[in-house]
Number of protein chains: 2
Amino acid sequence: MRRRQGQLLRVMKKVSIKDIAREAGVVPSTVSIVLNGKAKEKRISDELAEKIIALVKETGYQPNQAAVSLRTGRTKTLGLIVEDISNVFFATLAKAIEDKAYELGYKIVYCSTENDHKKANELVKMLSNQQVEGFLITPCKGMEDEVKRLKEQKKPVVMMDRYCDGLDTPYVILDNEAGVNEGMKHLYDKGYRKIGFITSDLDQVQMKSREFAYRQFMQSHQLDDRCIFKIPYVIKPEIAVKKISDFISKYKDLDAIFFATNYLGVHGLEALKAMKLSIPDDLAIVCFDDHDLFRLYSPGITVIKQPIQSIAVSAIQMLMKQFKEQQLSDDELFVTKKPDLLIRAST
Amino acid sequence: MRRRQGQLLRVMKKVSIKDIAREAGVVPSTVSIVLNGKAKEKRISDELAEKIIALVKETGYQPNQAAVSLRTGRTKTLGLIVEDISNVFFATLAKAIEDKAYELGYKIVYCSTENDHKKANELVKMLSNQQVEGFLITPCKGMEDEVKRLKEQKKPVVMMDRYCDGLDTPYVILDNEAGVNEGMKHLYDKGYRKIGFITSDLDQVQMKSREFAYRQFMQSHQLDDRCIFKIPYVIKPEIAVKKISDFISKYKDLDAIFFATNYLGVHGLEALKAMKLSIPDDLAIVCFDDHDLFRLYSPGITVIKQPIQSIAVSAIQMLMKQFKEQQLSDDELFVTKKPDLLIRAST
DNA sequence: CTGAAAGCGCTTACAG
DNA sequence: CTGAAAGCGCTTACAG
């Protein structure tokens, strides 16, 4: 069976490198060399190179990525594993990562762990079989072994927002303690002394250091640091709101609350609203992480913002360095970003 | 150079089908057949099949996807092209799509068009060269030709939330007219007659039909349908808020406003807040599409909700049918979902 | 400068 | 039931 030689290239189903080669009167390898920018190196005449490039443009030829991957082992694809892509924080992170990655010619496969390490590990396995060159992960508890395995396979990994304790894997996180300190100092300077702390029951490093920083601050200012309330991660919103109301009612003399993360802050605002308490007159509120809701609902709330763009940029950079097999230097290995204290003007 | 025969499979970098075959004392094709569930068909003994499967488990062998793709043309990857992944609506859609797709063994590559058709078309091109089996797109103006090209290449495409006018490509959208009608009827039944309509200046089908339905409703009730205000899509939030305030001030006798989409509703609430107008006493508000902000900020707002889950499910189903090369039947070709009218109890 | 060949890791049609 | 071979579309080392 003869090849469909008579047909015009432009109407053919798929143009392959062979077609270009035939048309240009050269052998496929020459086309490949030109396309991979090695024309000069291999001393291919400018004239020929231009002819080939023109032909590629004309036919709209795109190299078959599967073939390239098989041959080179490269896929130009990154795996983005977040807690939940529908959550504003991760969605914004995904957008920032996307912008950076596409700039560098990488595509992104995403998936959500929902803090379920069984699901998470399956996802990693699914993506790691030659499909994804590197991983950007916001890990959850129980992913340590899987991440370790990736490292053993020499798959570049960068963790974001948190990291796996005890693993020597690069990460980009916020300086959580500095963030909490700033927030606490802000409250302290305004004269608040009875400050409660509401966090989740998850055993996550970023949450732990926020709690730690809260305790530290309270202790070092001779204040009661036991006014901490932990809310289960898996809980119905109404119940969470109820629990927060109860907590506030119980500690009647609280004058401020520090929420350890945005969705807790949202529940908190809802609770305050139901209790008809106003911010900041009845209670001052600081929340770690921003949320759409805060902007409109309560401009007076003080927010510790994650510089998401900058986290994304660093994470991608660190991944790219690993690709180049350049060792990351020690101070690049674990990057901590400065948080932004966002004090909104009360209306 | 001899193969690394002496080594244990489990410490080797990558286990290939050849390794499994050698270990099992068969030829690679046999392993392939077993792995692809064709053991029975090819009358391979249960015993052998089990032995091979055990070996695969033991070694953690994962087929090289690039090789599979090259051979079969399948990638088990879908391309999700949305307007902006960081927007709640699309992020939620992405999550719903993800859930469905992973269930069926598909991964997802995402990217955001930002309503820029040049970017969008580049993205489509980037993904279409053998990497993505099918597309889920929320198209923007100017993508028509690119979508047409995908169809010519026999790439399955399903559009969501909107569609390209004039293209015979399957889509899943909301029944926008029914949604607007319900919202308008709701306002009408409550006695509101001077109803304004705020929409964007984008030439998008979903926005057009919402506007059309508004006009229809007003006309058929002998009401003034000219109280329409269009806001540029690319605009600073503050300016949008200012413009809405001006609009409301200008039409002093308005008693209700219908916002054509969620971010406009958000701007609207901000404007109302700045003007110290209350909902629904000074103005009744209906907004097409839900938003996090509404829940807390203004429980009294009436919302026309998109059933995102159900859109995702249908879209994936329609894509899968195309994969199977089963013609979609006429009434499956363009699926319209019923919107939910969400009337929140005013607190 | 250019061409022929090998091979990435699979799957599938074909021959026994 | 099983094996040998071809080939998916590339890239790269090697030979001229």
# chains A, B, ... in the order shown; residues from 1 in each chain; ligands from 1
>>> residues_around(residues="C:DC10", least_positions_apart="4", cutoff="10 Å", atoms="only C-alpha atoms (C1' of nucleotides)", output="PDB file with N, CA and C atoms (P, O5', C5', C4', C3', O3' and C1' of nucleotides), in the first residue's frame")
ATOM      1  N   LEU A  70       8.230   9.627  24.167  1.00  0.00           N
ATOM      2  CA  LEU A  70       8.768   8.274  24.182  1.00  0.00           C
ATOM      3  C   LEU A  70      10.269   8.308  23.907  1.00  0.00           C
TER       4      LEU A  70
ATOM      5  N   SER B  16       9.832  -2.244  32.643  1.00  0.00           N
ATOM      6  CA  SER B  16       9.120  -2.202  31.378  1.00  0.00           C
ATOM      7  C   SER B  16       8.421  -3.535  31.136  1.00  0.00           C
ATOM      8  N   ILE B  17       7.633  -3.561  30.128  1.00  0.00           N
ATOM      9  CA  ILE B  17       6.873  -4.765  29.823  1.00  0.00           C
ATOM     10  C   ILE B  17       7.821  -5.938  29.519  1.00  0.00           C
ATOM     11  N   LYS B  18       8.965  -5.596  29.006  1.00  0.00           N
ATOM     12  CA  LYS B  18       9.948  -6.638  28.710  1.00  0.00           C
ATOM     13  C   LYS B  18      10.439  -7.314  29.982  1.00  0.00           C
ATOM     14  N   PRO B  28       6.753 -10.307  25.483  1.00  0.00           N
ATOM     15  CA  PRO B  28       6.034  -9.094  25.879  1.00  0.00           C
ATOM     16  C   PRO B  28       4.577  -9.043  25.427  1.00  0.00           C
ATOM     17  N   SER B  29       4.299  -9.534  24.242  1.00  0.00           N
ATOM     18  CA  SER B  29       2.921  -9.444  23.754  1.00  0.00           C
ATOM     19  C   SER B  29       1.947 -10.141  24.699  1.00  0.00           C
ATOM     20  N   SER B  32       1.206  -7.858  27.489  1.00  0.00           N
ATOM     21  CA  SER B  32       0.341  -6.796  26.998  1.00  0.00           C
ATOM     22  C   SER B  32      -1.105  -7.266  26.917  1.00  0.00           C
ATOM     23  N   PRO B  63       2.552   0.902  32.768  1.00  0.00           N
ATOM     24  CA  PRO B  63       2.884   1.059  31.351  1.00  0.00           C
ATOM     25  C   PRO B  63       3.306   2.489  31.045  1.00  0.00           C
ATOM     26  N   ASN B  64       4.265   2.635  30.210  1.00  0.00           N
ATOM     27  CA  ASN B  64       4.705   3.954  29.774  1.00  0.00           C
ATOM     28  C   ASN B  64       3.611   4.566  28.893  1.00  0.00           C
ATOM     29  N   GLN B  65       3.029   5.635  29.406  1.00  0.00           N
ATOM     30  CA  GLN B  65       1.884   6.205  28.702  1.00  0.00           C
ATOM     31  C   GLN B  65       2.262   6.787  27.341  1.00  0.00           C
ATOM     32  N   ALA B  66       3.469   7.289  27.248  1.00  0.00           N
ATOM     33  CA  ALA B  66       3.883   7.857  25.964  1.00  0.00           C
ATOM     34  C   ALA B  66       3.884   6.761  24.904  1.00  0.00           C
ATOM     35  N   ALA B  67       4.374   5.590  25.281  1.00  0.00           N
ATOM     36  CA  ALA B  67       4.413   4.478  24.333  1.00  0.00           C
ATOM     37  C   ALA B  67       2.998   4.036  23.968  1.00  0.00           C
ATOM     38  N   VAL B  68       2.156   3.948  24.985  1.00  0.00           N
ATOM     39  CA  VAL B  68       0.776   3.552  24.722  1.00  0.00           C
ATOM     40  C   VAL B  68       0.113   4.563  23.783  1.00  0.00           C
ATOM     41  N   SER B  69       0.327   5.839  24.077  1.00  0.00           N
ATOM     42  CA  SER B  69      -0.280   6.877  23.248  1.00  0.00           C
ATOM     43  C   SER B  69       0.212   6.785  21.818  1.00  0.00           C
ATOM     44  N   LEU B  70       1.503   6.629  21.691  1.00  0.00           N
ATOM     45  CA  LEU B  70       2.079   6.584  20.351  1.00  0.00           C
ATOM     46  C   LEU B  70       1.474   5.431  19.558  1.00  0.00           C
ATOM     47  N   ARG B  71       1.330   4.316  20.240  1.00  0.00           N
ATOM     48  CA  ARG B  71       0.812   3.116  19.579  1.00  0.00           C
ATOM     49  C   ARG B  71      -0.683   3.209  19.300  1.00  0.00           C
ATOM     50  N   THR B  72      -1.432   3.630  20.320  1.00  0.00           N
ATOM     51  CA  THR B  72      -2.888   3.560  20.210  1.00  0.00           C
ATOM     52  C   THR B  72      -3.530   4.889  19.830  1.00  0.00           C
TER      53      THR B  72
ATOM     54  P    DC D   8       3.826   3.326  11.010  1.00  0.00           P
ATOM     55  O5'  DC D   8       3.022   4.283  11.985  1.00  0.00           O
ATOM     56  C5'  DC D   8       1.888   3.864  12.715  1.00  0.00           C
ATOM     57  C4'  DC D   8       1.940   4.467  14.094  1.00  0.00           C
ATOM     58  C3'  DC D   8       2.759   5.756  14.141  1.00  0.00           C
ATOM     59  O3'  DC D   8       1.877   6.860  13.918  1.00  0.00           O
ATOM     60  C1'  DC D   8       3.278   4.287  15.999  1.00  0.00           C
TER      61       DC D   8
END
>>> calpha_fit_and_write(fixed="chain B", moving="chain A", output="short mmCIF file (atom, residue, chain, number, x, y, z; two decimals) with C-alpha atoms, in the first residue's frame")
data_model
loop_
_atom_site.label_atom_id
_atom_site.label_comp_id
_atom_site.auth_asym_id
_atom_site.auth_seq_id
_atom_site.Cartn_x
_atom_site.Cartn_y
_atom_site.Cartn_z
CA MET A 1 26.08 -4.17 26.63
CA ARG A 2 23.96 -6.66 28.49
CA ARG A 3 20.75 -5.67 30.18
CA ARG A 4 20.75 -5.20 33.92
CA GLN A 5 19.49 -8.75 34.31
CA GLY A 6 20.98 -9.43 37.67
CA GLN A 7 19.22 -6.60 39.40
CA LEU A 8 16.06 -7.04 41.33
CA LEU A 9 13.14 -5.60 39.53
CA ARG A 10 12.04 -3.52 42.48
CA VAL A 11 15.14 -1.39 42.62
CA MET A 12 15.35 -0.73 38.91
CA LYS A 13 14.64 2.74 37.63
CA LYS A 14 11.81 1.84 35.39
CA VAL A 15 10.12 -1.48 34.98
CA SER A 16 9.11 -2.12 31.41
CA ILE A 17 6.88 -4.70 29.86
CA LYS A 18 9.96 -6.56 28.78
CA ASP A 19 11.09 -6.94 32.36
CA ILE A 20 7.76 -8.38 33.35
CA ALA A 21 7.84 -10.68 30.37
CA ARG A 22 11.34 -11.92 31.12
CA GLU A 23 10.47 -12.51 34.73
CA ALA A 24 7.32 -14.38 33.79
CA GLY A 25 9.11 -16.35 31.12
CA VAL A 26 6.89 -15.12 28.32
CA VAL A 27 7.12 -12.69 25.48
CA PRO A 28 6.06 -9.03 25.95
CA SER A 29 2.98 -9.39 23.80
CA THR A 30 1.55 -11.90 26.23
CA VAL A 31 1.97 -9.47 29.08
CA SER A 32 0.37 -6.75 27.02
CA ILE A 33 -2.60 -8.96 26.24
CA VAL A 34 -3.13 -9.85 29.86
CA LEU A 35 -2.81 -6.24 30.97
CA ASN A 36 -5.34 -5.14 28.43
CA GLY A 37 -7.84 -7.64 29.68
CA LYS A 38 -7.74 -9.76 26.57
CA ALA A 39 -6.44 -12.87 28.29
CA LYS A 40 -9.72 -14.74 27.93
CA GLU A 41 -10.15 -13.66 24.35
CA LYS A 42 -6.68 -14.82 23.43
CA ARG A 43 -7.11 -17.96 25.50
CA ILE A 44 -4.25 -17.39 27.85
CA SER A 45 -4.39 -19.72 30.81
CA ASP A 46 -5.78 -18.27 34.01
CA GLU A 47 -2.71 -19.49 35.75
CA LEU A 48 -0.38 -17.56 33.50
CA ALA A 49 -2.53 -14.46 33.59
CA GLU A 50 -2.56 -14.48 37.36
CA LYS A 51 1.17 -14.94 37.49
CA ILE A 52 1.65 -11.94 35.26
CA ILE A 53 -0.77 -9.81 37.21
CA ALA A 54 0.94 -10.73 40.44
CA LEU A 55 4.27 -9.75 38.95
CA VAL A 56 2.89 -6.42 37.81
CA LYS A 57 1.59 -5.70 41.28
CA GLU A 58 4.81 -6.77 42.89
CA THR A 59 7.01 -4.63 40.71
CA GLY A 60 4.65 -1.69 40.61
CA TYR A 61 4.88 -1.73 36.85
CA GLN A 62 3.04 1.09 35.11
CA PRO A 63 2.85 1.11 31.33
CA ASN A 64 4.69 4.00 29.75
CA GLN A 65 1.87 6.24 28.66
CA ALA A 66 3.89 7.88 25.92
CA ALA A 67 4.43 4.51 24.32
CA VAL A 68 0.79 3.58 24.68
CA SER A 69 -0.26 6.89 23.19
CA LEU A 70 2.11 6.58 20.30
CA ARG A 71 0.88 3.12 19.54
CA THR A 72 -2.83 3.56 20.16
CA GLY A 73 -3.34 7.27 19.70
CA ARG A 74 -5.05 7.44 23.06
CA THR A 75 -3.86 9.65 25.86
CA LYS A 76 -6.63 9.40 28.44
CA THR A 77 -6.34 13.12 28.83
CA LEU A 78 -8.98 15.79 28.39
CA GLY A 79 -8.41 19.45 27.73
CA LEU A 80 -10.41 21.83 29.88
CA ILE A 81 -10.43 25.35 28.55
CA VAL A 82 -12.22 27.86 30.71
CA GLU A 83 -12.40 31.60 30.94
CA ASP A 84 -10.46 31.86 34.17
CA ILE A 85 -9.72 28.99 36.50
CA SER A 86 -9.42 31.33 39.48
CA ASN A 87 -13.04 32.43 39.15
CA VAL A 88 -15.33 30.53 41.54
CA PHE A 89 -17.70 29.43 38.83
CA PHE A 90 -15.01 27.90 36.64
CA ALA A 91 -13.11 26.52 39.60
CA THR A 92 -16.24 24.74 40.77
CA LEU A 93 -16.86 23.52 37.24
CA ALA A 94 -13.26 22.30 37.09
CA LYS A 95 -13.76 20.35 40.28
CA ALA A 96 -16.96 18.75 39.03
CA ILE A 97 -15.29 17.85 35.73
CA GLU A 98 -12.30 16.47 37.57
CA ASP A 99 -14.43 14.19 39.71
CA LYS A 100 -16.21 12.77 36.71
CA ALA A 101 -13.14 12.47 34.52
CA TYR A 102 -10.93 10.69 37.05
CA GLU A 103 -13.76 8.28 37.70
CA LEU A 104 -13.50 7.33 34.04
CA GLY A 105 -9.72 7.19 34.08
CA TYR A 106 -9.12 10.53 32.41
CA LYS A 107 -6.73 13.21 33.48
CA ILE A 108 -7.32 16.87 32.81
CA VAL A 109 -5.11 19.56 31.41
CA TYR A 110 -6.58 22.98 32.05
CA CYS A 111 -5.99 26.45 30.81
CA SER A 112 -7.60 29.83 31.01
CA THR A 113 -8.47 31.91 27.97
CA GLU A 114 -9.17 35.15 29.83
CA ASN A 115 -11.62 35.82 27.00
CA ASP A 116 -8.66 36.48 24.73
CA HIS A 117 -9.24 34.46 21.60
CA LYS A 118 -5.64 34.71 20.46
CA LYS A 119 -4.49 33.14 23.68
CA ALA A 120 -7.36 30.66 23.53
CA ASN A 121 -6.56 29.50 20.04
CA GLU A 122 -2.90 29.06 20.84
CA LEU A 123 -3.88 26.97 23.83
CA VAL A 124 -6.11 24.77 21.73
CA LYS A 125 -3.34 24.29 19.18
CA MET A 126 -0.88 23.48 21.90
CA LEU A 127 -3.13 20.80 23.31
CA SER A 128 -4.47 19.34 20.13
CA ASN A 129 -1.26 17.86 18.79
CA GLN A 130 -1.93 14.37 19.98
CA GLN A 131 -1.97 15.23 23.63
CA VAL A 132 -5.56 15.62 24.42
CA GLU A 133 -8.28 13.28 23.29
CA GLY A 134 -11.16 15.63 23.68
CA PHE A 135 -12.01 19.16 24.69
CA LEU A 136 -14.32 20.75 27.19
CA ILE A 137 -14.50 24.40 26.37
CA THR A 138 -16.23 27.50 27.61
CA PRO A 139 -15.57 29.33 24.36
CA CYS A 140 -15.05 33.00 23.87
CA LYS A 141 -15.70 35.10 20.80
CA GLY A 142 -13.13 34.40 18.11
CA MET A 143 -12.71 30.71 18.86
CA GLU A 144 -15.14 29.58 16.19
CA ASP A 145 -12.51 28.74 13.57
CA GLU A 146 -10.34 26.90 16.01
CA VAL A 147 -13.28 24.83 17.23
CA LYS A 148 -14.22 24.12 13.63
CA ARG A 149 -10.68 22.92 13.01
CA LEU A 150 -10.93 20.57 15.96
CA LYS A 151 -14.08 19.10 14.51
CA GLU A 152 -12.36 18.65 11.17
CA GLN A 153 -9.63 16.75 12.95
CA LYS A 154 -12.40 14.65 14.50
CA LYS A 155 -11.43 15.77 17.95
CA PRO A 156 -14.43 15.44 20.24
CA VAL A 157 -15.48 18.81 21.62
CA VAL A 158 -18.20 19.77 24.04
CA MET A 159 -18.87 23.36 24.92
CA MET A 160 -20.16 24.43 28.28
CA ASP A 161 -21.95 27.44 29.71
CA ARG A 162 -22.07 28.98 26.21
CA TYR A 163 -21.52 27.95 22.65
CA CYS A 164 -20.17 29.25 19.39
CA ASP A 165 -22.98 30.66 17.34
CA GLY A 166 -23.40 28.95 14.00
CA LEU A 167 -21.29 25.95 14.87
CA ASP A 168 -22.84 22.54 14.95
CA THR A 169 -20.85 21.47 17.99
CA PRO A 170 -22.51 19.89 21.00
CA TYR A 171 -22.89 21.96 24.11
CA VAL A 172 -24.34 21.89 27.59
CA ILE A 173 -25.77 25.13 28.76
CA LEU A 174 -28.26 26.52 31.12
CA ASP A 175 -31.72 27.45 29.97
CA ASN A 176 -30.86 31.09 30.33
CA GLU A 177 -34.21 32.38 29.21
CA ALA A 178 -36.11 30.17 31.62
CA GLY A 179 -33.77 31.31 34.37
CA VAL A 180 -34.30 34.97 33.66
CA ASN A 181 -38.03 34.42 33.39
CA GLU A 182 -38.16 32.78 36.76
CA GLY A 183 -36.18 35.57 38.31
CA MET A 184 -38.28 38.22 36.65
CA LYS A 185 -41.50 36.51 37.61
CA HIS A 186 -40.26 36.37 41.17
CA LEU A 187 -39.72 40.12 41.13
CA TYR A 188 -43.01 40.78 39.38
CA ASP A 189 -44.97 38.67 41.82
CA LYS A 190 -43.50 40.65 44.67
CA GLY A 191 -44.84 43.75 43.06
CA TYR A 192 -41.75 45.24 41.49
CA ARG A 193 -42.30 46.96 38.17
CA LYS A 194 -39.34 49.25 37.50
CA ILE A 195 -36.71 46.59 36.95
CA GLY A 196 -33.25 47.45 35.67
CA PHE A 197 -30.91 45.00 33.96
CA ILE A 198 -27.16 45.11 34.32
CA THR A 199 -25.03 43.03 32.00
CA SER A 200 -21.59 43.01 30.40
CA ASP A 201 -20.61 44.35 27.01
CA LEU A 202 -19.32 40.97 25.86
CA ASP A 203 -20.89 39.45 22.79
CA GLN A 204 -21.54 36.07 24.36
CA VAL A 205 -24.56 33.92 23.64
CA GLN A 206 -25.46 33.27 27.24
CA MET A 207 -25.40 36.99 28.02
CA LYS A 208 -27.39 37.76 24.93
CA SER A 209 -30.17 35.36 25.79
CA ARG A 210 -30.38 36.66 29.31
CA GLU A 211 -30.79 40.16 27.96
CA PHE A 212 -33.28 38.96 25.39
CA ALA A 213 -35.36 37.21 28.04
CA TYR A 214 -35.36 40.34 30.17
CA ARG A 215 -36.65 42.44 27.29
CA GLN A 216 -39.24 39.84 26.43
CA PHE A 217 -40.52 39.72 29.95
CA MET A 218 -40.72 43.46 30.31
CA GLN A 219 -42.42 43.92 26.96
CA SER A 220 -44.95 41.19 27.53
CA HIS A 221 -45.88 42.86 30.81
CA GLN A 222 -46.09 46.31 29.21
CA LEU A 223 -43.12 47.52 31.19
CA ASP A 224 -40.24 49.71 30.14
CA ASP A 225 -37.46 47.41 28.91
CA ARG A 226 -34.89 50.06 28.18
CA CYS A 227 -33.39 50.27 31.59
CA ILE A 228 -30.39 48.22 30.57
CA PHE A 229 -26.83 49.01 31.52
CA LYS A 230 -23.80 47.36 29.96
CA ILE A 231 -20.48 47.29 31.72
CA PRO A 232 -17.19 46.65 29.92
CA TYR A 233 -15.72 43.23 30.69
CA VAL A 234 -12.26 44.66 31.13
CA ILE A 235 -12.67 47.29 33.81
CA LYS A 236 -11.31 48.09 37.22
CA PRO A 237 -13.63 46.90 39.98
CA GLU A 238 -13.85 50.39 41.50
CA ILE A 239 -14.89 51.86 38.20
CA ALA A 240 -17.53 49.20 37.73
CA VAL A 241 -18.89 49.93 41.19
CA LYS A 242 -18.89 53.63 40.42
CA LYS A 243 -20.72 53.10 37.15
CA ILE A 244 -23.37 51.01 38.82
CA SER A 245 -23.86 53.63 41.52
CA ASP A 246 -24.27 56.28 38.88
CA PHE A 247 -26.75 54.13 37.01
CA ILE A 248 -28.84 53.58 40.13
CA SER A 249 -28.75 57.26 41.04
CA LYS A 250 -29.78 58.22 37.55
CA TYR A 251 -32.85 55.98 37.55
CA LYS A 252 -34.18 57.00 40.91
CA ASP A 253 -37.44 55.19 40.55
CA LEU A 254 -35.94 51.72 40.07
CA ASP A 255 -37.30 49.24 42.54
CA ALA A 256 -35.34 46.18 41.44
CA ILE A 257 -32.23 45.18 39.52
CA PHE A 258 -31.48 41.99 37.69
CA PHE A 259 -27.75 41.28 37.36
CA ALA A 260 -26.85 39.12 34.39
CA THR A 261 -23.94 37.38 36.08
CA ASN A 262 -22.27 36.92 39.43
CA TYR A 263 -19.31 39.29 39.30
CA LEU A 264 -21.64 42.08 38.22
CA GLY A 265 -23.83 41.22 41.16
CA VAL A 266 -20.83 41.53 43.44
CA HIS A 267 -20.03 44.97 42.05
CA GLY A 268 -23.68 45.81 42.46
CA LEU A 269 -23.78 44.85 46.11
CA GLU A 270 -20.71 46.93 46.68
CA ALA A 271 -22.37 49.88 45.01
CA LEU A 272 -25.53 49.43 47.06
CA LYS A 273 -23.49 49.24 50.21
CA ALA A 274 -21.65 52.43 49.39
CA MET A 275 -24.98 54.11 48.69
CA LYS A 276 -26.39 52.76 51.94
CA LEU A 277 -29.28 51.15 50.15
CA SER A 278 -30.71 48.03 51.68
CA ILE A 279 -31.86 44.85 50.03
CA PRO A 280 -34.71 44.27 49.44
CA ASP A 281 -36.26 47.34 51.02
CA ASP A 282 -34.72 49.99 48.82
CA LEU A 283 -34.00 47.67 45.93
CA ALA A 284 -34.71 44.05 45.19
CA ILE A 285 -31.83 42.14 43.67
CA VAL A 286 -31.79 39.05 41.51
CA CYS A 287 -28.50 37.73 40.22
CA PHE A 288 -27.81 35.14 37.58
CA ASP A 289 -25.14 32.73 38.85
CA ASP A 290 -24.28 32.30 42.46
CA HIS A 291 -21.27 33.64 44.31
CA ASP A 292 -19.71 32.88 47.66
CA LEU A 293 -20.16 36.47 48.62
CA PHE A 294 -23.91 36.42 48.35
CA ARG A 295 -24.38 33.80 51.00
CA LEU A 296 -22.94 35.84 53.78
CA TYR A 297 -23.20 39.37 52.62
CA SER A 298 -26.74 39.37 51.50
CA PRO A 299 -28.80 36.33 52.25
CA GLY A 300 -31.82 38.18 50.90
CA ILE A 301 -30.56 38.23 47.35
CA THR A 302 -32.32 35.96 44.89
CA VAL A 303 -30.00 33.85 42.84
CA ILE A 304 -30.42 31.91 39.60
CA LYS A 305 -28.05 29.04 40.14
CA GLN A 306 -26.33 26.97 37.49
CA PRO A 307 -26.48 23.28 38.34
CA ILE A 308 -22.73 22.95 37.84
CA GLN A 309 -22.48 19.27 38.78
CA SER A 310 -25.09 18.33 36.30
CA ILE A 311 -23.50 20.42 33.55
CA ALA A 312 -20.20 18.68 34.17
CA VAL A 313 -21.76 15.24 34.15
CA SER A 314 -23.57 15.83 30.87
CA ALA A 315 -20.55 17.38 29.22
CA ILE A 316 -18.35 14.43 30.09
CA GLN A 317 -21.01 11.99 28.99
CA MET A 318 -21.33 13.71 25.64
CA LEU A 319 -17.59 13.62 25.20
CA MET A 320 -17.44 9.92 26.03
CA LYS A 321 -20.14 9.18 23.50
CA GLN A 322 -18.12 10.93 20.85
CA PHE A 323 -15.13 8.81 21.79
CA LYS A 324 -17.15 5.73 21.15
CA GLU A 325 -18.01 7.23 17.81
CA GLN A 326 -21.61 6.74 18.62
CA GLN A 327 -23.43 9.54 16.95
CA LEU A 328 -25.07 11.72 19.51
CA SER A 329 -28.78 11.67 18.94
CA ASP A 330 -30.38 14.98 18.09
CA ASP A 331 -31.78 15.64 21.49
CA GLU A 332 -28.50 14.83 23.14
CA LEU A 333 -26.55 17.14 20.91
CA PHE A 334 -27.41 20.35 22.67
CA VAL A 335 -28.30 19.85 26.25
CA THR A 336 -29.96 22.56 28.22
CA LYS A 337 -30.08 22.30 31.96
CA LYS A 338 -32.78 23.71 34.14
CA PRO A 339 -31.51 26.52 36.34
CA ASP A 340 -32.30 26.65 40.05
CA LEU A 341 -33.99 29.67 41.45
CA LEU A 342 -32.52 30.11 44.86
CA ILE A 343 -34.54 32.43 47.01
CA ARG A 344 -32.79 33.03 50.22
CA ALA A 345 -34.64 33.87 53.36
CA SER A 346 -33.98 37.45 54.33
CA THR A 347 -32.58 37.60 57.81
#
>>> atom_distance(atom1="atom C1' of D:DT11", atom2="atom C1' of C:DA13")
27.5 Å
>>> select_by_dssp(residues="stretch 121-191 of chain B", states="strand (DSSP E or B)", output="ChimeraX atom specification")
/B:134-137,157-160,171-174
>>> interface_residues(of="chain C", to="chain A", cutoff="8 Å", atoms="only C-alpha atoms (C1' of nucleotides)", output="PDB file with N, CA and C atoms (P, O5', C5', C4', C3', O3' and C1' of nucleotides), in the first residue's frame")
ATOM      1  P    DC C   1      27.034  24.520   4.497  1.00  0.00           P
ATOM      2  O5'  DC C   1      26.783  23.422   5.622  1.00  0.00           O
ATOM      3  C5'  DC C   1      25.565  22.682   5.664  1.00  0.00           C
ATOM      4  C4'  DC C   1      25.848  21.336   5.019  1.00  0.00           C
ATOM      5  C3'  DC C   1      24.680  20.362   5.091  1.00  0.00           C
ATOM      6  O3'  DC C   1      24.011  20.362   3.838  1.00  0.00           O
ATOM      7  C1'  DC C   1      26.819  19.317   5.479  1.00  0.00           C
ATOM      8  P    DT C   2      22.560  19.794   3.733  1.00  0.00           P
ATOM      9  O5'  DT C   2      22.835  18.224   3.773  1.00  0.00           O
ATOM     10  C5'  DT C   2      23.253  17.539   2.598  1.00  0.00           C
ATOM     11  C4'  DT C   2      23.185  16.057   2.870  1.00  0.00           C
ATOM     12  C3'  DT C   2      21.789  15.548   3.238  1.00  0.00           C
ATOM     13  O3'  DT C   2      21.467  14.541   2.295  1.00  0.00           O
ATOM     14  C1'  DT C   2      23.428  14.726   4.746  1.00  0.00           C
ATOM     15  P    DG C   3      20.061  13.847   2.329  1.00  0.00           P
ATOM     16  O5'  DG C   3      20.468  12.412   2.878  1.00  0.00           O
ATOM     17  C5'  DG C   3      21.540  11.727   2.244  1.00  0.00           C
ATOM     18  C4'  DG C   3      21.690  10.357   2.865  1.00  0.00           C
ATOM     19  C3'  DG C   3      20.371   9.646   3.131  1.00  0.00           C
ATOM     20  O3'  DG C   3      20.549   8.294   2.776  1.00  0.00           O
ATOM     21  C1'  DG C   3      21.574   9.912   5.176  1.00  0.00           C
ATOM     22  P    DC C   8      15.439   0.796  23.424  1.00  0.00           P
ATOM     23  O5'  DC C   8      14.639   1.843  24.327  1.00  0.00           O
ATOM     24  C5'  DC C   8      15.064   3.198  24.478  1.00  0.00           C
ATOM     25  C4'  DC C   8      13.833   4.072  24.499  1.00  0.00           C
ATOM     26  C3'  DC C   8      12.575   3.348  24.957  1.00  0.00           C
ATOM     27  O3'  DC C   8      12.455   3.491  26.365  1.00  0.00           O
ATOM     28  C1'  DC C   8      12.156   4.717  23.006  1.00  0.00           C
ATOM     29  P    DG C   9      12.378   2.214  27.292  1.00  0.00           P
ATOM     30  O5'  DG C   9      10.873   1.761  27.103  1.00  0.00           O
ATOM     31  C5'  DG C   9       9.851   2.675  27.438  1.00  0.00           C
ATOM     32  C4'  DG C   9       8.548   2.134  26.914  1.00  0.00           C
ATOM     33  C3'  DG C   9       8.231   0.705  27.336  1.00  0.00           C
ATOM     34  O3'  DG C   9       6.939   0.729  27.880  1.00  0.00           O
ATOM     35  C1'  DG C   9       7.932   0.946  25.026  1.00  0.00           C
TER      36       DG C   9
END
